[in-house]
Each structure stands twice: as structure tokens, then as C-alpha cells.
>>> print(open('target03.txt').read())   # compact mmCIF, C-alpha atoms
# COMPACT_ATOMS: atom_id res chain seq x y z
CA MET A 1 -19.16 -13.44 -19.64
CA LYS A 2 -18.87 -16.46 -17.36
CA GLU A 3 -21.29 -16.59 -14.46
CA SER A 4 -18.47 -16.81 -11.89
CA THR A 5 -16.77 -13.78 -13.45
CA PHE A 6 -20.08 -11.93 -13.49
CA SER A 7 -20.81 -12.72 -9.85
CA ALA A 8 -17.26 -11.74 -8.88
CA LYS A 9 -17.70 -8.39 -10.65
CA VAL A 10 -21.05 -7.82 -8.94
CA MET A 11 -19.52 -8.63 -5.57
CA HIS A 12 -16.56 -6.37 -6.32
CA PHE A 13 -18.96 -3.56 -7.32
CA PHE A 14 -20.97 -3.81 -4.12
CA LEU A 15 -17.89 -3.97 -1.91
CA SER A 16 -16.35 -0.99 -3.71
CA TRP A 17 -19.59 0.93 -3.42
CA ALA A 18 -19.89 0.12 0.28
CA LEU A 19 -16.33 1.21 1.03
CA LEU A 20 -16.69 4.40 -1.02
CA PHE A 21 -20.00 5.18 0.68
CA LEU A 22 -18.46 4.70 4.13
CA VAL A 23 -15.67 7.10 3.17
CA TRP A 24 -18.31 9.57 1.92
CA LEU A 25 -20.18 9.35 5.22
CA ALA A 26 -16.96 9.83 7.16
CA PHE A 27 -16.02 12.94 5.19
CA THR A 28 -19.47 14.53 5.28
CA SER A 29 -20.02 13.52 8.92
CA THR A 30 -23.76 13.97 8.63
CA LEU A 31 -26.73 11.71 8.18
CA GLU A 32 -29.04 14.30 6.64
CA ILE A 33 -31.16 12.60 4.02
CA GLN A 34 -30.02 14.76 1.10
CA GLU A 35 -26.34 14.13 1.93
CA VAL A 36 -26.90 10.40 2.25
CA LEU A 37 -28.81 10.22 -1.05
CA VAL A 38 -26.23 12.29 -2.95
CA GLY A 39 -23.45 10.21 -1.41
CA ALA A 40 -25.14 6.93 -2.31
CA ALA A 41 -25.70 8.03 -5.90
CA THR A 42 -22.24 9.54 -6.36
CA THR A 43 -20.37 6.60 -4.89
CA MET A 44 -22.51 4.18 -6.91
CA LEU A 45 -21.53 5.97 -10.12
CA VAL A 46 -17.85 6.03 -9.14
CA ALA A 47 -17.92 2.32 -8.26
CA LEU A 48 -19.70 1.54 -11.54
CA PHE A 49 -17.39 3.57 -13.77
CA THR A 50 -14.17 2.39 -12.12
CA LEU A 51 -15.12 -1.29 -11.94
CA ARG A 52 -13.27 -2.21 -15.12
CA PHE A 53 -10.08 -0.47 -13.98
CA PHE A 54 -9.82 -2.22 -10.63
CA ASP A 55 -10.00 -5.87 -11.54
CA CYS A 56 -6.43 -6.44 -10.38
CA CYS A 57 -7.29 -7.18 -6.83
CA THR A 58 -9.95 -8.65 -4.66
CA PHE A 59 -11.23 -7.89 -1.23
CA SER A 60 -9.86 -11.16 0.12
CA PHE A 61 -7.74 -9.14 2.55
CA LEU A 62 -10.98 -8.46 4.45
CA ALA A 63 -11.21 -12.14 5.42
CA PRO A 64 -10.80 -12.51 9.20
CA GLY A 65 -7.47 -14.33 8.98
CA LYS A 66 -5.98 -11.77 6.64
CA LEU A 67 -7.59 -8.77 8.33
CA TYR A 68 -5.36 -9.43 11.35
CA ASN A 69 -2.31 -9.17 9.08
CA VAL A 70 -3.65 -6.00 7.45
CA ILE A 71 -3.97 -4.37 10.88
CA LYS A 72 -0.53 -5.68 11.84
CA TYR A 73 0.89 -4.24 8.60
CA ILE A 74 -0.60 -0.82 9.29
CA ILE A 75 0.92 -0.79 12.78
CA VAL A 76 4.34 -1.96 11.52
CA PHE A 77 4.20 0.62 8.71
CA ILE A 78 3.43 3.46 11.14
CA ILE A 79 6.29 2.40 13.45
CA GLU A 80 8.75 2.18 10.54
CA MET A 81 7.58 5.54 9.23
CA ILE A 82 8.09 7.20 12.62
CA LYS A 83 11.59 5.71 12.94
CA ALA A 84 12.49 6.89 9.44
CA ASN A 85 11.09 10.37 10.13
CA PHE A 86 13.32 10.71 13.18
CA ASP A 87 16.33 9.50 11.17
CA VAL A 88 15.76 12.02 8.38
CA ALA A 89 15.00 14.84 10.85
CA ARG A 90 18.21 14.05 12.71
CA ARG A 91 20.17 14.33 9.44
CA VAL A 92 18.53 17.66 8.63
CA ILE A 93 19.18 19.12 12.08
CA SER A 94 22.76 17.82 12.19
CA PRO A 95 24.29 18.37 8.75
CA SER A 96 27.53 16.81 9.98
CA LEU A 97 25.87 13.38 10.00
CA PRO A 98 26.99 11.42 6.97
CA ILE A 99 24.69 10.66 4.10
CA ASN A 100 25.52 8.30 1.32
CA PRO A 101 22.72 8.56 -1.25
CA GLY A 102 22.41 5.94 -3.93
CA ILE A 103 20.17 3.47 -5.67
CA VAL A 104 19.95 -0.12 -4.46
CA LYS A 105 18.26 -3.09 -6.08
CA ILE A 106 16.25 -5.51 -3.97
CA ARG A 107 14.46 -8.69 -4.94
CA THR A 108 10.94 -9.32 -3.71
CA LYS A 109 9.17 -12.63 -3.24
CA LEU A 110 5.78 -11.03 -3.86
CA LYS A 111 4.15 -12.42 -6.99
CA THR A 112 1.32 -10.09 -8.00
CA ASN A 113 1.85 -6.63 -9.41
CA TYR A 114 -0.62 -5.27 -6.87
CA ALA A 115 1.37 -6.68 -3.93
CA LYS A 116 4.62 -5.31 -5.41
CA MET A 117 2.96 -1.92 -5.78
CA VAL A 118 1.90 -1.95 -2.12
CA LEU A 119 5.47 -2.76 -1.08
CA ALA A 120 6.95 -0.09 -3.36
CA ASN A 121 4.49 2.53 -2.09
CA SER A 122 5.23 1.59 1.52
CA ILE A 123 8.94 2.05 0.84
CA THR A 124 8.30 5.40 -0.85
CA LEU A 125 6.11 6.64 2.00
CA THR A 126 8.88 5.88 4.48
CA PRO A 127 11.15 8.95 4.60
CA GLY A 128 14.67 8.41 3.33
CA THR A 129 13.68 5.91 0.64
CA LEU A 130 12.00 6.27 -2.73
CA SER A 131 10.96 3.45 -5.03
CA VAL A 132 12.20 4.36 -8.48
CA ASP A 133 11.19 1.38 -10.59
CA ILE A 134 9.84 -2.15 -10.46
CA VAL A 135 11.23 -4.60 -13.02
CA ASP A 136 10.01 -8.18 -12.73
CA ASP A 137 10.85 -9.23 -9.15
CA TYR A 138 13.23 -6.33 -8.49
CA ILE A 139 12.55 -2.95 -6.97
CA TYR A 140 15.05 -0.13 -7.47
CA ILE A 141 15.14 2.19 -4.48
CA HIS A 142 16.83 5.53 -3.94
CA TRP A 143 18.14 5.44 -0.38
CA ILE A 144 19.32 8.53 1.49
CA ASP A 145 22.04 6.62 3.30
CA VAL A 146 23.14 3.44 1.55
CA LYS A 147 24.58 1.35 4.34
CA ASN A 148 25.22 -1.70 2.22
CA THR A 149 25.11 -2.35 -1.53
CA ASP A 150 24.63 -6.08 -1.04
CA PRO A 151 21.07 -6.73 -2.31
CA GLU A 152 20.31 -9.20 0.50
CA GLN A 153 21.37 -6.80 3.24
CA ALA A 154 19.66 -3.84 1.55
CA PHE A 155 16.47 -5.91 1.41
CA LYS A 156 16.73 -6.66 5.13
CA ASP A 157 17.32 -3.00 5.97
CA ILE A 158 14.56 -1.56 3.77
CA ALA A 159 11.83 -4.04 2.93
CA GLU A 160 11.99 -7.25 4.95
CA THR A 161 9.62 -6.15 7.72
CA PHE A 162 7.03 -5.06 5.16
CA GLU A 163 7.37 -8.07 2.88
CA LYS A 164 7.00 -10.66 5.65
CA ILE A 165 3.51 -9.39 6.41
CA LEU A 166 2.57 -8.67 2.79
CA LEU A 167 3.32 -12.29 1.90
CA LYS A 168 0.68 -13.35 4.41
CA ILE A 169 -1.82 -10.82 3.09
CA PHE A 170 -1.35 -11.50 -0.62
CA GLU A 171 -0.65 -15.25 -0.58
>>> encode(input="target03.txt", output="C-alpha cells")
Amino acid sequence: MKESTFSAKVMHFFLSWALLFLVWLAFTSTLEIQEVLVGAATTMLVALFTLRFFDCCTFSFLAPGKLYNVIKYIIVFIIEMIKANFDVARRVISPSLPINPGIVKIRTKLKTNYAKMVLANSITLTPGTLSVDIVDDYIYIHWIDVKNTDPEQAFKDIAETFEKILLKIFE
């Protein structure tokens, strides 16, 4: 194993362990010594055993310049999710509103599989849309109300706001 690869894995392990341990502390909401020790040991084992599965991504998004975009993305995602929730709720309450379900194909400029997965999951978590498949640079999306079958316009309606920020995060 190369030294740079080894040091990257060690760094990845410690960052994973730290994040998992912080989540543990948040869920247990106690600083009793036995809870802290069990949490430290458990999260260390989880970080150790999952290290080989999570080599797809780095923690570079925690860099100060990118952290701003991560926070911005979370805010934009929450706003888009709220808007979509109201749209779907309005359709449920008023059955007379038209729906035009269908599958649209959009092209993404994101290069890594991890970045494409984040985009696809963001689309799926937004009510009214569901990512069905990712093939190369294309994402197939089931849309509750297809407003336009033109891939460019569908991209603008569904994914553009997400992708603009994700490009800055995963560049």
C-alpha cells in the first residue's frame, strides 16, 4: 500500500470515527463515562469495518470554502422540499387539479458517481419526483406532473437548483 493511500485511509478512518462518535453522543445525550466508552468503542469498530466500503468519497466538503456550499445546499434543499410538499398536498386535497405522471430523462454535469447519487437522492426526497435509474450522465425520473418532456426544460424544472450547488461541492 502506498504511503499516501495509507495516510488517506487513516485520515478517513479518524474523520469517520469522529463523525460517528458525535452522532452517538447526540443520540445518547449523556456524558456518563460508560456511555462515552461504549460509544467510542462501538463507533471505532463501525468506522474500522466500513472503511473499505466508503472509499468513494472524501471529507473535502468540510473545507471552509466548500462547507459554505454544503450549508447553502441544505437550505436550498429544504426550501425545494417544502415547495414540493405543498404542491403534492394541494393535488391530494384538490383531486380536480391535473396530474400528468411520466418518466423524464435529464442529463447531469456531475462527474463522480457519489455526486450523481447525492443529486438523485435529493430528487427522490423531494415529493412528486422519484429517481428511477442513473445511466452514465443521465438520470431517469418519475415526475408526478410532467410539464415538459424536453430534457433541457425538465432539467431546469427538477434538478438545476440542486446541480448548480453540487458542482461547487464536488468539483
>>> residues_around(input="target03.txt", residues="A:Leu19", least_positions_apart="2", cutoff="12 Å", atoms="all atoms listed in the file", output="ChimeraX atom specification")
/A:12-17,21-26,39-40,43-44,46-47,59,62
>>> residues_around(input="target03.txt", residues="A:Asp157", least_positions_apart="3", cutoff="10 Å", atoms="only C-alpha atoms", output="ChimeraX atom specification")
/A:146-148,151-154,160-161
>>> atom_distance(input="target03.txt", atom1="atom CA of A:Ile169", atom2="atom CA of A:Val118")
10.9 Å
>>> residues_around(input="target03.txt", residues="A:Ala120", least_positions_apart="4", cutoff="9 Å", atoms="all atoms listed in the file", output="ChimeraX atom specification")
/A:115-116,124-125,130-134,139,141,159
>>> write_last_selection(input="target03.txt", atoms="C-alpha atoms", output="PDB file, in the coordinates of the input")
ATOM      1  CA  ALA A 115       1.370  -6.680  -3.930  1.00  0.00           C
ATOM      2  CA  LYS A 116       4.620  -5.310  -5.410  1.00  0.00           C
ATOM      3  CA  THR A 124       8.300   5.400  -0.850  1.00  0.00           C
ATOM      4  CA  LEU A 125       6.110   6.640   2.000  1.00  0.00           C
ATOM      5  CA  LEU A 130      12.000   6.270  -2.730  1.00  0.00           C
ATOM      6  CA  SER A 131      10.960   3.450  -5.030  1.00  0.00           C
ATOM      7  CA  VAL A 132      12.200   4.360  -8.480  1.00  0.00           C
ATOM      8  CA  ASP A 133      11.190   1.380 -10.590  1.00  0.00           C
ATOM      9  CA  ILE A 134       9.840  -2.150 -10.460  1.00  0.00           C
ATOM     10  CA  ILE A 139      12.550  -2.950  -6.970  1.00  0.00           C
ATOM     11  CA  ILE A 141      15.140   2.190  -4.480  1.00  0.00           C
ATOM     12  CA  ALA A 159      11.830  -4.040   2.930  1.00  0.00           C
TER      13      ALA A 159
END
>>> atom_distance(input="target03.txt", atom1="atom CA of A:Leu167", atom2="atom CA of A:Leu110")
6.4 Å
>>> atom_distance(input="target03.txt", atom1="atom CA of A:Asp145", atom2="atom CA of A:Ile99")
4.9 Å
>>> closest_residue(input="target03.txt", among="A:Asn113, A:Ser7, A:Thr149, A:Asn121", to="A:Val135", atoms="all atoms listed in the file")
A:Asn113
>>> closest_residue(input="target03.txt", among="A:Ile71, A:Met11, A:Ile158, A:Ile144", to="A:Ile106", atoms="all atoms listed in the file")
A:Ile158
>>> closest_residue(input="target03.txt", among="A:Lys168, A:Asp137, A:Phe6, A:Thr126", to="A:Lys83", atoms="only C-alpha atoms")
A:Thr126
>>> build_atoms(input="target03.txt", residues="stretch 2-19 of chain A", atoms="N, CA and C atoms", output="mmCIF file, keeping the file's coordinate frame")
data_model
loop_
_atom_site.group_PDB
_atom_site.id
_atom_site.type_symbol
_atom_site.label_atom_id
_atom_site.label_comp_id
_atom_site.auth_asym_id
_atom_site.auth_seq_id
_atom_site.Cartn_x
_atom_site.Cartn_y
_atom_site.Cartn_z
ATOM 1 N N LYS A 2 -18.589 -15.309 -18.216
ATOM 2 C CA LYS A 2 -18.870 -16.460 -17.360
ATOM 3 C C LYS A 2 -19.671 -16.007 -16.152
ATOM 4 N N GLU A 3 -20.473 -16.929 -15.619
ATOM 5 C CA GLU A 3 -21.290 -16.590 -14.460
ATOM 6 C C GLU A 3 -20.413 -16.288 -13.244
ATOM 7 N N SER A 4 -19.343 -17.051 -13.047
ATOM 8 C CA SER A 4 -18.470 -16.810 -11.890
ATOM 9 C C SER A 4 -17.773 -15.462 -12.016
ATOM 10 N N THR A 5 -17.384 -15.083 -13.247
ATOM 11 C CA THR A 5 -16.770 -13.780 -13.450
ATOM 12 C C THR A 5 -17.783 -12.672 -13.214
ATOM 13 N N PHE A 6 -19.017 -12.909 -13.691
ATOM 14 C CA PHE A 6 -20.080 -11.930 -13.490
ATOM 15 C C PHE A 6 -20.370 -11.736 -12.011
ATOM 16 N N SER A 7 -20.509 -12.833 -11.280
ATOM 17 C CA SER A 7 -20.810 -12.720 -9.850
ATOM 18 C C SER A 7 -19.637 -12.092 -9.091
ATOM 19 N N ALA A 8 -18.423 -12.365 -9.527
ATOM 20 C CA ALA A 8 -17.260 -11.740 -8.880
ATOM 21 C C ALA A 8 -17.274 -10.232 -9.123
ATOM 22 N N LYS A 9 -17.631 -9.829 -10.342
ATOM 23 C CA LYS A 9 -17.700 -8.390 -10.650
ATOM 24 C C LYS A 9 -18.806 -7.713 -9.845
ATOM 25 N N VAL A 10 -19.938 -8.383 -9.722
ATOM 26 C CA VAL A 10 -21.050 -7.820 -8.940
ATOM 27 C C VAL A 10 -20.630 -7.666 -7.487
ATOM 28 N N MET A 11 -19.989 -8.688 -6.955
ATOM 29 C CA MET A 11 -19.520 -8.630 -5.570
ATOM 30 C C MET A 11 -18.487 -7.511 -5.411
ATOM 31 N N HIS A 12 -17.581 -7.408 -6.360
ATOM 32 C CA HIS A 12 -16.560 -6.370 -6.320
ATOM 33 C C HIS A 12 -17.212 -4.990 -6.378
ATOM 34 N N PHE A 13 -18.235 -4.834 -7.226
ATOM 35 C CA PHE A 13 -18.960 -3.560 -7.320
ATOM 36 C C PHE A 13 -19.576 -3.187 -5.986
ATOM 37 N N PHE A 14 -20.293 -4.122 -5.372
ATOM 38 C CA PHE A 14 -20.970 -3.810 -4.120
ATOM 39 C C PHE A 14 -19.990 -3.524 -2.988
ATOM 40 N N LEU A 15 -18.900 -4.244 -2.939
ATOM 41 C CA LEU A 15 -17.890 -3.970 -1.910
ATOM 42 C C LEU A 15 -17.243 -2.607 -2.143
ATOM 43 N N SER A 16 -16.933 -2.297 -3.391
ATOM 44 C CA SER A 16 -16.350 -0.990 -3.710
ATOM 45 C C SER A 16 -17.328 0.117 -3.341
ATOM 46 N N TRP A 17 -18.573 -0.080 -3.716
ATOM 47 C CA TRP A 17 -19.590 0.930 -3.420
ATOM 48 C C TRP A 17 -19.726 1.118 -1.907
ATOM 49 N N ALA A 18 -19.754 0.021 -1.168
ATOM 50 C CA ALA A 18 -19.890 0.120 0.280
ATOM 51 C C ALA A 18 -18.712 0.863 0.905
ATOM 52 N N LEU A 19 -17.503 0.531 0.482
ATOM 53 C CA LEU A 19 -16.330 1.210 1.030
ATOM 54 C C LEU A 19 -16.315 2.688 0.660
#
